[in-house]
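Encoded as structure tokens, the structure appears first; notes follow it.
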Amino acid sequence: MTLGISCKSARSIVANGKVDSKLTAKQLIRESGRRDARFKTLQARVKIDIIDGFKESGYTLNLRMETDKIIWLSATLGLARAMITPNRVQFYDKINNQYFDGDYKLLSDLLGIELNFKKVQSLLLGESLFDLKEDTYVISNNAASYILQPKNQSAVLELFLLFNPSHFKMDSQQLLQPLKKRFLQIDYTGYQEVKKEIVPQNIKIIALEDNDEFNVMMEYKSVSINEEVRFPFNIPSGFDKIILDNEK
């Protein structure tokens with residue numbers, strides 16, 4: 001399987017890595033940690049398609065990131081813009097004249113899991129949402145991926161992490177919350193190499209809660225790293241603040 005690219009600075013990766021049945025969970029965790037992002041900044045154009053129930057919408061966004069500090073997204077002509085930092089989530093929407101300025105509850109409710117900056121960054125970079133050093137894991141495999149899961153799965157949250165044997169980034173992250181009837185699956189169907197860094201090319205997110213389904217498809221284009229980036233953000237005056245239910 002050849003993973004395509006869409007900019008001259010990137011080259012495709014041929015996923016010809018073979019699963020090693022002798023690899024231990026500790027070795028997999030250690031090797032995966034070595035492949036975490038080492039760059040300081042990243043920028044890309046991201047094509048996003050969203051299916052929420054029967055409603056479909058598509059956008060092209062500019063993504064800029066300073067590792068561990070800022071994630072910035074801007075729609076065409078600045079009609080919508082978001083800035084995410086370790087302590088704060090902000091965005092505004094010029095079409096509906098509204099803005100949000102608060103914590104991670106809005107994003108957490110959207111995907112059905114508790115999020116923070118590190119998890120959002122990891123999701124965007126093809127890394128595990130969870131610190132794998134904080135639990136004991138067991139390893140198995142299928143024909144294409146290593147499968148990591150906690151040795152003692154929780155009744156509250158069941159977790160399955162699938163790693164690509166070519167570069168040890170994520171193939172899939174699957175989270176099941178049986179008591180809340182929630183399921184989240186994040187699939188990484190393509191990667192690209194930019195200046196020796198492995199970054200996603202295609203991501204598909206499926207979030208289920210009861211009978212409600214929310215899908216997001218993302219395609220990274222024109223990816224560049226370690227270039228100078230700016231993060232302009234200023235909520236326009238006169239916009240209505242989005243108030244969450246727990247704030248009312």
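Every chain in the structure tokens has a letter given in the order shown (A, B, ...), and although residue numbers restart at 1 in each chain, ligands are simply numbered from 1 in the order shown.
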
Just list the residues in stretch 5-119 of chain A DSSP gives strand (DSSP E) on the backbone, as a PyMOL selection string. chain A and resi 10-14+41-52+55-66+70-75+80-85+88-93+98-102

Might you pull out every residue within 12 Å of A:Gly78, with only C-alpha atoms counted and same-chain residues fewer than 5 positions away left off, and present them as a PyMOL selection string? chain A and resi 60-62+72-73+91-95+232-236

Selected residues written out, N, CA, C and O atoms, as a compact mmCIF listing (two decimals), in the first residue's frame:
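As a result, again.txt now contains:
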```txt
# COMPACT_ATOMS: atom_id res chain seq x y z
N THR A 60 -12.06 24.19 4.01
CA THR A 60 -10.61 24.14 3.88
C THR A 60 -10.03 25.10 4.91
O THR A 60 -10.40 26.28 4.93
N LEU A 61 -9.19 24.60 5.79
CA LEU A 61 -8.65 25.39 6.89
C LEU A 61 -7.14 25.48 6.79
O LEU A 61 -6.48 24.58 6.25
N ASN A 62 -6.60 26.55 7.31
CA ASN A 62 -5.17 26.64 7.54
C ASN A 62 -4.89 26.20 8.97
O ASN A 62 -5.50 26.70 9.90
N TRP A 72 -3.68 26.45 16.02
CA TRP A 72 -4.41 27.57 15.43
C TRP A 72 -5.05 27.12 14.13
O TRP A 72 -4.40 26.48 13.30
N LEU A 73 -6.33 27.41 13.94
CA LEU A 73 -7.06 27.03 12.73
C LEU A 73 -7.79 28.25 12.19
O LEU A 73 -8.40 29.01 12.96
N PHE A 91 -12.69 30.32 19.91
CA PHE A 91 -12.94 30.43 18.47
C PHE A 91 -14.05 31.45 18.22
O PHE A 91 -14.81 31.81 19.12
N TYR A 92 -14.10 31.95 17.00
CA TYR A 92 -15.19 32.82 16.62
C TYR A 92 -15.66 32.47 15.21
O TYR A 92 -14.93 31.89 14.41
N ASP A 93 -16.91 32.82 14.93
CA ASP A 93 -17.59 32.47 13.70
C ASP A 93 -18.26 33.74 13.17
O ASP A 93 -19.25 34.21 13.73
N LYS A 94 -17.73 34.31 12.09
CA LYS A 94 -18.25 35.57 11.56
C LYS A 94 -19.58 35.38 10.84
O LYS A 94 -20.34 36.35 10.67
N ILE A 95 -19.88 34.17 10.41
CA ILE A 95 -21.14 33.93 9.71
C ILE A 95 -22.32 34.06 10.68
O ILE A 95 -23.35 34.65 10.36
N PRO A 232 -2.37 35.05 14.60
CA PRO A 232 -3.25 36.20 14.85
C PRO A 232 -4.63 35.76 15.32
O PRO A 232 -5.23 34.87 14.73
N PHE A 233 -5.11 36.37 16.38
CA PHE A 233 -6.43 36.00 16.90
C PHE A 233 -6.99 37.15 17.72
O PHE A 233 -6.38 37.61 18.68
N ASN A 234 -8.16 37.62 17.32
CA ASN A 234 -8.83 38.70 18.04
C ASN A 234 -10.33 38.55 17.84
O ASN A 234 -10.83 38.67 16.73
N ILE A 235 -11.05 38.26 18.91
CA ILE A 235 -12.50 38.08 18.81
C ILE A 235 -13.15 39.42 18.46
O ILE A 235 -12.95 40.42 19.16
N PRO A 236 -13.91 39.48 17.35
CA PRO A 236 -14.55 40.75 16.95
C PRO A 236 -15.54 41.24 18.01
O PRO A 236 -16.18 40.44 18.70
```

Applying 10 Å and only C-alpha atoms, which residues near A:Gln149 remain after dropping the ones on its own chain fewer than 6 positions away? List them as a list in words.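 The filter keeps Ala25, Leu132, Asp135, Thr136, Tyr137, Val138, Ile139, Ser140, Glu158, Leu159, Phe160, Leu161, Leu162 and Gln174 of chain A.
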
Rounded to one decimal, what separation in Å do you get between atom CA of A:Asp101 and atom CA of A:Ala75?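 For atom CA of A:Asp101 relative to atom CA of A:Ala75, the distance reads 17.9 Å.
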
Given the choices A:Gln121, A:Asn116, A:Asn164, A:Ser108, which gets closest to A:Gly17 if the distance is worked out from only C-alpha atoms?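 Result for the nearest residue to A:Gly17: A:Asn164.
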